[in-house]
$ cat run33.pdb   # PDB, C-alpha atoms
MODEL        1
ATOM      1  CA  MET K   1      49.200 128.885 103.466
ATOM      2  CA  ASN K   2      51.061 132.130 103.048
ATOM      3  CA  LEU K   3      53.401 131.656 100.128
ATOM      4  CA  SER K   4      54.118 135.355  99.703
ATOM      5  CA  ASN K   5      57.144 135.278 101.960
ATOM      6  CA  LEU K   6      59.562 132.694 100.683
ATOM      7  CA  SER K   7      61.543 132.349 103.886
ATOM      8  CA  VAL K   8      62.385 128.788 104.756
ATOM      9  CA  GLY K   9      60.280 127.651 107.670
ATOM     10  CA  LEU K  10      59.677 124.387 109.414
ATOM     11  CA  SER K  11      56.979 123.300 106.970
ATOM     12  CA  THR K  12      59.332 123.732 104.018
ATOM     13  CA  TYR K  13      61.788 121.277 105.541
ATOM     14  CA  LEU K  14      58.953 118.912 106.407
ATOM     15  CA  LEU K  15      57.733 119.056 102.799
ATOM     16  CA  VAL K  16      61.211 118.198 101.533
ATOM     17  CA  GLY K  17      61.260 115.271 103.946
ATOM     18  CA  ALA K  18      57.809 114.141 102.816
ATOM     19  CA  MET K  19      58.844 114.292  99.160
ATOM     20  CA  LEU K  20      61.989 112.226  99.763
ATOM     21  CA  PHE K  21      59.970 109.740 101.830
ATOM     22  CA  CYS K  22      57.361 109.281  99.118
ATOM     23  CA  LEU K  23      59.985 108.851  96.402
ATOM     24  CA  GLY K  24      61.532 106.133  98.562
ATOM     25  CA  LEU K  25      58.098 104.581  99.101
ATOM     26  CA  TYR K  26      57.524 104.485  95.352
ATOM     27  CA  GLY K  27      60.915 102.858  94.875
ATOM     28  CA  VAL K  28      60.141 100.151  97.429
ATOM     29  CA  PHE K  29      56.873  99.321  95.679
ATOM     30  CA  ALA K  30      57.973  99.658  92.079
ATOM     31  CA  LYS K  31      61.514  98.386  91.772
ATOM     32  CA  ARG K  32      62.361  94.849  90.825
ATOM     33  CA  ASN K  33      66.036  94.803  91.789
ATOM     34  CA  ILE K  34      66.511  94.164  95.503
ATOM     35  CA  ILE K  35      69.487  96.546  95.712
ATOM     36  CA  ALA K  36      67.291  99.348  94.336
ATOM     37  CA  ILE K  37      64.781  98.553  97.077
ATOM     38  CA  LEU K  38      67.530  98.875  99.703
ATOM     39  CA  MET K  39      68.500 102.248  98.189
ATOM     40  CA  SER K  40      64.888 103.399  98.439
ATOM     41  CA  ILE K  41      64.794 102.383 102.105
ATOM     42  CA  GLU K  42      67.899 104.507 102.663
ATOM     43  CA  LEU K  43      66.100 107.458 101.050
ATOM     44  CA  MET K  44      63.168 107.005 103.433
ATOM     45  CA  LEU K  45      65.463 106.877 106.469
ATOM     46  CA  ASN K  46      67.122 110.090 105.276
ATOM     47  CA  ALA K  47      63.742 111.782 105.057
ATOM     48  CA  VAL K  48      63.012 110.756 108.648
ATOM     49  CA  ASN K  49      66.355 112.240 109.708
ATOM     50  CA  ILE K  50      65.500 115.547 108.026
ATOM     51  CA  ASN K  51      62.296 115.639 110.057
ATOM     52  CA  PHE K  52      64.109 114.931 113.335
ATOM     53  CA  VAL K  53      66.685 117.662 112.759
ATOM     54  CA  ALA K  54      64.103 120.160 111.480
ATOM     55  CA  PHE K  55      61.868 119.733 114.524
ATOM     56  CA  ASN K  56      64.905 120.035 116.766
ATOM     57  CA  ARG K  57      65.985 123.208 114.987
ATOM     58  CA  PHE K  58      62.657 125.008 114.825
ATOM     59  CA  ILE K  59      60.739 123.886 117.917
ATOM     60  CA  TRP K  60      63.145 124.633 120.705
ATOM     61  CA  ASN K  61      63.071 126.768 123.709
ATOM     62  CA  GLN K  62      65.941 128.500 125.394
ATOM     63  CA  LYS K  63      64.439 127.713 128.775
ATOM     64  CA  ILE K  64      65.054 123.980 128.346
ATOM     65  CA  ASP K  65      68.146 122.604 130.058
ATOM     66  CA  VAL K  66      70.938 123.164 127.571
ATOM     67  CA  HIS K  67      72.089 119.563 127.842
ATOM     68  CA  TYR K  68      68.811 118.157 126.610
ATOM     69  CA  ILE K  69      68.248 120.525 123.722
ATOM     70  CA  LEU K  70      69.882 118.356 121.047
ATOM     71  CA  THR K  71      67.630 115.344 121.518
ATOM     72  CA  GLY K  72      66.548 115.420 117.872
ATOM     73  CA  HIS K  73      70.159 115.198 116.744
ATOM     74  CA  VAL K  74      70.657 112.160 118.970
ATOM     75  CA  ALA K  75      67.568 110.505 117.502
ATOM     76  CA  ALA K  76      68.914 111.156 114.005
ATOM     77  CA  LEU K  77      72.241 109.632 115.020
ATOM     78  CA  PHE K  78      70.526 106.469 116.215
ATOM     79  CA  VAL K  79      68.616 106.270 112.937
ATOM     80  CA  ILE K  80      71.939 106.519 111.086
ATOM     81  CA  VAL K  81      73.381 103.705 113.243
ATOM     82  CA  VAL K  82      70.411 101.452 112.555
ATOM     83  CA  ALA K  83      70.529 102.307 108.840
ATOM     84  CA  ALA K  84      74.207 101.377 108.667
ATOM     85  CA  ALA K  85      73.545  98.043 110.388
ATOM     86  CA  GLU K  86      70.539  97.424 108.156
ATOM     87  CA  VAL K  87      72.405  98.081 104.933
ATOM     88  CA  ALA K  88      75.321  95.877 106.005
ATOM     89  CA  VAL K  89      73.114  92.883 106.855
ATOM     90  CA  GLY K  90      70.817  93.562 103.901
ATOM     91  CA  LEU K  91      73.604  93.583 101.358
ATOM     92  CA  ALA K  92      75.128  90.455 102.882
ATOM     93  CA  LEU K  93      71.735  88.768 102.471
ATOM     94  CA  VAL K  94      71.543  89.992  98.868
ATOM     95  CA  ILE K  95      74.930  88.513  98.093
ATOM     96  CA  THR K  96      74.010  85.198  99.737
ATOM     97  CA  ILE K  97      70.715  84.977  97.849
ATOM     98  CA  TYR K  98      72.498  85.878  94.627
ATOM     99  CA  ARG K  99      75.002  83.106  95.231
ATOM    100  CA  ASN K 100      72.220  80.555  95.648
ATOM    101  CA  ARG K 101      69.751  81.769  93.030
ATOM    102  CA  GLN K 102      71.836  83.764  90.519
ATOM    103  CA  SER K 103      69.263  86.538  90.655
ATOM    104  CA  THR K 104      68.499  89.864  92.329
ATOM    105  CA  ASN K 105      64.931  90.037  91.051
ATOM    106  CA  VAL K 106      62.455  90.110  93.934
ATOM    107  CA  ASP K 107      59.717  88.648  91.690
ATOM    108  CA  GLU K 108      61.698  85.412  91.621
ATOM    109  CA  PHE K 109      62.135  85.248  95.403
ATOM    110  CA  ASN K 110      59.046  83.105  95.882
ATOM    111  CA  TRP K 111      60.348  79.919  97.428
ATOM    112  CA  LEU K 112      58.253  80.403 100.551
ATOM    113  CA  LYS K 113      55.141  80.187  98.344
ATOM    114  CA  TRP K 114      53.568  76.848  97.684
TER
ATOM    115  CA  MET V   1      71.238 133.817 100.868
ATOM    116  CA  GLY V   2      70.282 130.919 103.093
ATOM    117  CA  THR V   3      66.978 130.630 101.249
ATOM    118  CA  VAL V   4      68.682 130.389  97.861
ATOM    119  CA  VAL V   5      71.113 127.734  99.143
ATOM    120  CA  PHE V   6      68.235 125.824 100.701
ATOM    121  CA  PHE V   7      66.211 125.716  97.514
ATOM    122  CA  ILE V   8      69.192 124.777  95.339
ATOM    123  CA  PHE V   9      70.154 121.837  97.534
ATOM    124  CA  ALA V  10      66.633 120.747  98.445
ATOM    125  CA  ILE V  11      65.738 120.579  94.747
ATOM    126  CA  MET V  12      69.011 118.776  94.079
ATOM    127  CA  ALA V  13      68.268 116.181  96.772
ATOM    128  CA  ILE V  14      64.730 115.592  95.510
ATOM    129  CA  ALA V  15      65.732 115.469  91.845
ATOM    130  CA  ALA V  16      68.486 113.008  92.682
ATOM    131  CA  ALA V  17      66.002 110.867  94.637
ATOM    132  CA  TRP V  18      63.751 110.951  91.567
ATOM    133  CA  GLY V  19      66.742 109.759  89.556
ATOM    134  CA  VAL V  20      67.316 106.906  92.021
ATOM    135  CA  VAL V  21      63.816 105.520  91.612
ATOM    136  CA  THR V  22      63.401 106.104  87.869
ATOM    137  CA  SER V  23      66.838 105.298  86.469
ATOM    138  CA  LYS V  24      66.990 102.145  84.378
ATOM    139  CA  ASN V  25      70.673 101.607  85.113
ATOM    140  CA  ILE V  26      71.384 100.603  88.674
ATOM    141  CA  VAL V  27      74.847 102.154  88.659
ATOM    142  CA  HIS V  28      73.249 105.493  87.799
ATOM    143  CA  SER V  29      70.795 104.914  90.635
ATOM    144  CA  ALA V  30      73.682 104.436  93.056
ATOM    145  CA  LEU V  31      75.382 107.623  91.856
ATOM    146  CA  PHE V  32      72.142 109.591  92.142
ATOM    147  CA  LEU V  33      71.858 108.235  95.679
ATOM    148  CA  VAL V  34      75.230 109.797  96.535
ATOM    149  CA  LEU V  35      74.021 113.138  95.136
ATOM    150  CA  SER V  36      70.826 112.948  97.189
ATOM    151  CA  PHE V  37      72.744 112.192 100.396
ATOM    152  CA  SER V  38      75.056 115.158  99.749
ATOM    153  CA  GLY V  39      72.088 117.488  99.270
ATOM    154  CA  VAL V  40      70.626 116.317 102.571
ATOM    155  CA  ALA V  41      73.995 116.977 104.244
ATOM    156  CA  VAL V  42      73.835 120.601 103.085
ATOM    157  CA  LEU V  43      70.319 120.848 104.548
ATOM    158  CA  TYR V  44      71.779 119.675 107.869
ATOM    159  CA  VAL V  45      74.362 122.460 107.715
ATOM    160  CA  LEU V  46      71.566 124.964 107.088
ATOM    161  CA  MET V  47      69.806 123.623 110.192
ATOM    162  CA  ASN V  48      72.944 124.172 112.322
ATOM    163  CA  ALA V  49      73.541 120.422 112.691
ATOM    164  CA  ASP V  50      77.238 120.534 111.834
ATOM    165  CA  PHE V  51      78.218 117.207 113.347
ATOM    166  CA  LEU V  52      75.291 115.412 111.731
ATOM    167  CA  ALA V  53      76.247 116.859 108.358
ATOM    168  CA  ALA V  54      79.754 115.461 108.757
ATOM    169  CA  VAL V  55      78.335 112.103 109.855
ATOM    170  CA  GLN V  56      75.965 112.109 106.891
ATOM    171  CA  ILE V  57      78.825 112.625 104.444
ATOM    172  CA  LEU V  58      81.107 110.099 106.151
ATOM    173  CA  ILE V  59      78.584 107.313 106.649
ATOM    174  CA  TYR V  60      76.037 107.759 103.883
ATOM    175  CA  THR V  61      77.936 109.171 100.936
ATOM    176  CA  GLY V  62      81.054 107.359 102.036
ATOM    177  CA  ALA V  63      80.386 103.968 103.542
ATOM    178  CA  VAL V  64      76.807 103.120 102.556
ATOM    179  CA  ALA V  65      77.209 104.231  98.943
ATOM    180  CA  ILE V  66      80.452 102.290  98.551
ATOM    181  CA  MET V  67      78.840  99.179 100.017
ATOM    182  CA  ILE V  68      75.880  99.494  97.667
ATOM    183  CA  ILE V  69      78.184  99.920  94.678
ATOM    184  CA  PHE V  70      80.143  96.847  95.751
ATOM    185  CA  ALA V  71      76.929  94.837  96.040
ATOM    186  CA  VAL V  72      75.891  96.037  92.580
ATOM    187  CA  MET V  73      79.264  94.963  91.240
ATOM    188  CA  LEU V  74      79.050  91.524  92.852
ATOM    189  CA  THR V  75      75.521  90.777  91.676
ATOM    190  CA  LEU V  76      75.526  92.283  88.197
ATOM    191  CA  ARG V  77      74.610  90.026  85.312
ATOM    192  CA  GLY V  78      73.068  90.608  81.923
ATOM    193  CA  GLU V  79      72.687  93.955  80.233
ATOM    194  CA  ILE V  80      73.599  96.847  82.537
ATOM    195  CA  SER V  81      71.320  99.346  80.799
ATOM    196  CA  GLU V  82      68.307  97.279  81.905
ATOM    197  CA  SER V  83      69.612  96.283  85.317
ATOM    198  CA  ASN V  84      66.995  98.202  87.317
ATOM    199  CA  PRO V  85      63.534  97.567  85.849
ATOM    200  CA  GLU V  86      60.120  98.301  87.329
ATOM    201  CA  ASN V  87      57.799  95.443  88.209
ATOM    202  CA  HIS V  88      54.240  95.244  86.873
ATOM    203  CA  HIS V  89      52.727  96.829  89.980
ATOM    204  CA  TRP V  90      54.607 100.115  89.662
ATOM    205  CA  GLY V  91      51.371 101.977  88.907
ATOM    206  CA  TRP V  92      49.932 100.962  92.275
ATOM    207  CA  GLY V  93      53.184 101.982  93.932
ATOM    208  CA  ALA V  94      53.036 105.408  92.306
ATOM    209  CA  LEU V  95      49.395 105.799  93.336
ATOM    210  CA  VAL V  96      50.115 104.895  96.970
ATOM    211  CA  ALA V  97      53.184 107.166  97.091
ATOM    212  CA  VAL V  98      51.289 110.128  95.631
ATOM    213  CA  LEU V  99      48.360 109.618  98.015
ATOM    214  CA  VAL V 100      50.681 109.389 101.019
ATOM    215  CA  PHE V 101      52.472 112.535  99.892
ATOM    216  CA  ILE V 102      49.203 114.442  99.468
ATOM    217  CA  MET V 103      48.110 113.373 102.926
ATOM    218  CA  MET V 104      51.387 114.395 104.546
ATOM    219  CA  ALA V 105      51.474 117.714 102.666
ATOM    220  CA  LEU V 106      47.926 118.513 103.784
ATOM    221  CA  VAL V 107      48.812 117.755 107.400
ATOM    222  CA  ILE V 108      52.006 119.828 107.204
ATOM    223  CA  LEU V 109      50.415 122.825 105.508
ATOM    224  CA  ALA V 110      47.265 122.791 107.637
ATOM    225  CA  ASN V 111      49.030 122.785 110.995
ATOM    226  CA  PRO V 112      49.498 126.370 112.201
ATOM    227  CA  ASP V 113      52.012 125.317 114.867
ATOM    228  CA  TRP V 114      54.494 124.334 112.185
ATOM    229  CA  ARG V 115      54.230 127.545 110.177
ATOM    230  CA  ILE V 116      57.200 129.070 111.978
ATOM    231  CA  LEU V 117      60.520 130.547 110.982
ATOM    232  CA  ALA V 118      63.876 129.867 112.559
ATOM    233  CA  THR V 119      64.837 131.731 115.689
ATOM    234  CA  PRO V 120      68.534 132.395 116.275
ATOM    235  CA  TRP V 121      70.319 129.232 117.279
ATOM    236  CA  THR V 122      72.620 129.249 120.284
ATOM    237  CA  SER V 123      72.747 125.612 121.303
ATOM    238  CA  GLY V 124      75.644 124.259 119.333
ATOM    239  CA  GLY V 125      75.368 120.945 117.549
ATOM    240  CA  SER V 126      79.041 120.051 117.586
ATOM    241  CA  ALA V 127      80.407 116.652 118.541
ATOM    242  CA  GLU V 128      81.112 117.966 122.043
ATOM    243  CA  ASP V 129      77.513 119.001 122.680
ATOM    244  CA  LEU V 130      76.166 115.741 121.299
ATOM    245  CA  SER V 131      78.595 113.615 123.294
ATOM    246  CA  LEU V 132      77.464 115.314 126.504
ATOM    247  CA  LEU V 133      73.951 114.100 125.754
ATOM    248  CA  LEU V 134      75.015 110.662 124.490
ATOM    249  CA  LEU V 135      77.065 109.862 127.588
ATOM    250  CA  THR V 136      74.527 111.045 130.154
ATOM    251  CA  LYS V 137      70.850 110.909 129.252
ATOM    252  CA  PHE V 138      71.133 108.471 126.364
ATOM    253  CA  MET V 139      73.900 106.254 127.705
ATOM    254  CA  ILE V 140      71.941 102.978 127.617
ATOM    255  CA  PRO V 141      70.704 103.461 124.012
ATOM    256  CA  PHE V 142      74.232 104.467 123.052
ATOM    257  CA  GLU V 143      75.654 101.213 124.420
ATOM    258  CA  VAL V 144      72.855  99.221 122.795
ATOM    259  CA  ALA V 145      73.689 100.885 119.477
ATOM    260  CA  ALA V 146      77.315  99.841 119.904
ATOM    261  CA  VAL V 147      76.253  96.236 120.552
ATOM    262  CA  LEU V 148      73.900  96.366 117.561
ATOM    263  CA  LEU V 149      76.689  97.549 115.272
ATOM    264  CA  THR V 150      79.011  94.797 116.487
ATOM    265  CA  ILE V 151      76.374  92.115 115.980
ATOM    266  CA  ALA V 152      75.497  93.518 112.542
ATOM    267  CA  LEU V 153      79.183  93.456 111.574
ATOM    268  CA  ALA V 154      79.577  89.839 112.652
ATOM    269  CA  GLY V 155      76.280  88.842 111.072
ATOM    270  CA  ALA V 156      77.134  90.490 107.767
ATOM    271  CA  VAL V 157      80.475  88.699 107.640
ATOM    272  CA  VAL V 158      78.895  85.332 108.459
ATOM    273  CA  LEU V 159      76.103  85.823 105.918
ATOM    274  CA  ALA V 160      78.321  87.015 103.083
ATOM    275  CA  LYS V 161      81.078  84.485 103.648
ATOM    276  CA  GLY V 162      78.654  81.602 103.515
ATOM    277  CA  VAL V 163      78.552  78.386 105.508
ATOM    278  CA  LYS V 164      80.838  75.541 104.611
ATOM    279  CA  GLU V 165      79.024  72.602 103.076
ATOM    280  CA  SER V 166      79.596  69.518 105.185
ATOM    281  CA  LYS V 167      79.776  66.448 103.009
TER
ENDMDL
END

$ encode --input "run33.pdb" --output "structure tokens"
Amino acid sequence: MNLSNLSVGLSTYLLVGAMLFCLGLYGVFAKRNIIAILMSIELMLNAVNINFVAFNRFIWNQKIDVHYILTGHVAALFVIVVAAAEVAVGLALVITIYRNRQSTNVDEFNWLKW
Amino acid sequence: MGTVVFFIFAIMAIAAAWGVVTSKNIVHSALFLVLSFSGVAVLYVLMNADFLAAVQILIYTGAVAIMIIFAVMLTLRGEISESNPENHHWGWGALVAVLVFIMMALVILANPDWRILATPWTSGGSAEDLSLLLLTKFMIPFEVAAVLLTIALAGAVVLAKGVKESK
């Protein structure tokens, strides 16, 4: 752990990603409003994207075929696609549940419990 | 220069994420979310991922944030200043999140392979370079993603519109 040189290396980006991920994790566990939980999931997906792009940026090798060198960016793009689909379906579900139950509180979503 | 920009925007992204999960007002949470996404977009620019930064701003700070704000608007009831409360298990959530962060930080800081600085980047990252990859090596996943987006669009419309009651 050499903190004397403050240049930004791979581990700095990974730490930023880890911090964002854990804040999102806390939000998923602690929040009561289902829209806040969806926001926290988006934060976690963003943290994963930071990791993909950081590994692609720092661990690369000029000897690799130039067409395959952006694989991390492609993985991040697919994560963004899935996140967009997830938030669309998730918010539609939220609106449907709200219409039936007049609530967005996940503590009240217990009608599968008997 | 790059270091200063990195720390400004990394701290902005993390502070905004903190605001998302601690704000009592869900509209403030949504606005903090936009700030966090923008900070992450700047980090992408610093990592030479120009196209991804543009996509991040277009999709996350544009589309996703607007959709979340619309959902907030459609489901808001009661006092807005207490629209985003914690549940009673938030202490356990904080404990788990802190433990997971400590574990990940230990792994990251203990791995000597990851203690590296950036070498000069010559491989692009523009839409052209990415499309070369997307239409050759990753063509099947690309098509599957297109199908997934179409199905998600249709499913979201069907779910949100509701089914007609047959009486």

$ residues_around --input "run33.pdb" --residues "Ile11 of chain V" --least-positions-apart "6" --cutoff "10 Å" --atoms "only C-alpha atoms" --output "list of chain:residue names"
K:Val16, V:Val5, V:Ala17, V:Ser36, V:Gly39

$ closest_residue --input "run33.pdb" --among "V:Trp114, V:Phe101, V:Tyr60, V:Phe51" --to "Ser126 of chain V" --atoms "only C-alpha atoms"
V:Phe51

$ residues_around --input "run33.pdb" --residues "Leu33 of chain V" --least-positions-apart "4" --cutoff "10 Å" --atoms "all atoms listed in the file" --output "list in words"
Met39, Ser40, Glu42 and Leu43 of chain K; Ala13, Ala16, Ala17, Trp18, Gly19, Val20, Val21, Val27, His28, Ser29, Phe37, Ser38, Gly39, Tyr60, Thr61, Val64, Ala65 and Ile68 of chain V

$ closest_atom_pairs --input "run33.pdb" --of "chain K" --to "chain V" --cutoff "6 Å" --atoms "only C-alpha atoms" --output "JSON lines"
{"residue": "K:Gly9", "atom": "CA", "partner": "V:Leu117", "partner_atom": "CA", "distance": 4.4}
{"residue": "K:Leu10", "atom": "CA", "partner": "V:Trp114", "partner_atom": "CA", "distance": 5.9}
{"residue": "K:Ser11", "atom": "CA", "partner": "V:Trp114", "partner_atom": "CA", "distance": 5.9}
{"residue": "K:Cys22", "atom": "CA", "partner": "V:Ala97", "partner_atom": "CA", "distance": 5.1}
{"residue": "K:Leu25", "atom": "CA", "partner": "V:Ala97", "partner_atom": "CA", "distance": 5.9}
{"residue": "K:Tyr26", "atom": "CA", "partner": "V:Gly93", "partner_atom": "CA", "distance": 5.2}
{"residue": "K:Gly27", "atom": "CA", "partner": "V:Val21", "partner_atom": "CA", "distance": 5.1}
{"residue": "K:Phe29", "atom": "CA", "partner": "V:Gly93", "partner_atom": "CA", "distance": 4.9}
{"residue": "K:Ala30", "atom": "CA", "partner": "V:Trp90", "partner_atom": "CA", "distance": 4.2}
{"residue": "K:Lys31", "atom": "CA", "partner": "V:Glu86", "partner_atom": "CA", "distance": 4.7}
{"residue": "K:Arg32", "atom": "CA", "partner": "V:Asn87", "partner_atom": "CA", "distance": 5.3}
{"residue": "K:Asn33", "atom": "CA", "partner": "V:Asn84", "partner_atom": "CA", "distance": 5.7}
{"residue": "K:Phe58", "atom": "CA", "partner": "V:Ala118", "partner_atom": "CA", "distance": 5.5}
{"residue": "K:Ala85", "atom": "CA", "partner": "V:Ala152", "partner_atom": "CA", "distance": 5.4}
{"residue": "K:Ala88", "atom": "CA", "partner": "V:Ala156", "partner_atom": "CA", "distance": 6.0}
{"residue": "K:Val89", "atom": "CA", "partner": "V:Ala156", "partner_atom": "CA", "distance": 4.8}
{"residue": "K:Ala92", "atom": "CA", "partner": "V:Ala160", "partner_atom": "CA", "distance": 4.7}
{"residue": "K:Thr96", "atom": "CA", "partner": "V:Ala160", "partner_atom": "CA", "distance": 5.8}

$ resolve_selection --input "run33.pdb" --expression "the PyMOL selection byres ((chain K and resi 49) around 9)" --output "JSON, numbers by chain"
{"K": [17, 44, 45, 46, 47, 48, 50, 51, 52, 53, 54, 72, 73, 75, 76, 77, 79, 80]}

$ atom_distance --input "run33.pdb" --atom1 "atom CA of Ile97 of chain K" --atom2 "atom CA of Phe109 of chain K"
8.9 Å

$ atom_distance --input "run33.pdb" --atom1 "atom CA of Leu135 of chain V" --atom2 "atom CA of Asn56 of chain K"
19.2 Å

$ atom_distance --input "run33.pdb" --atom1 "atom CA of Asn25 of chain V" --atom2 "atom CA of Asn105 of chain K"
14.2 Å

$ resolve_selection --input "run33.pdb" --expression "the PyMOL selection byres ((chain K and resi 34) around 6)" --output "ChimeraX atom specification"
/K:33,35-37,104,106
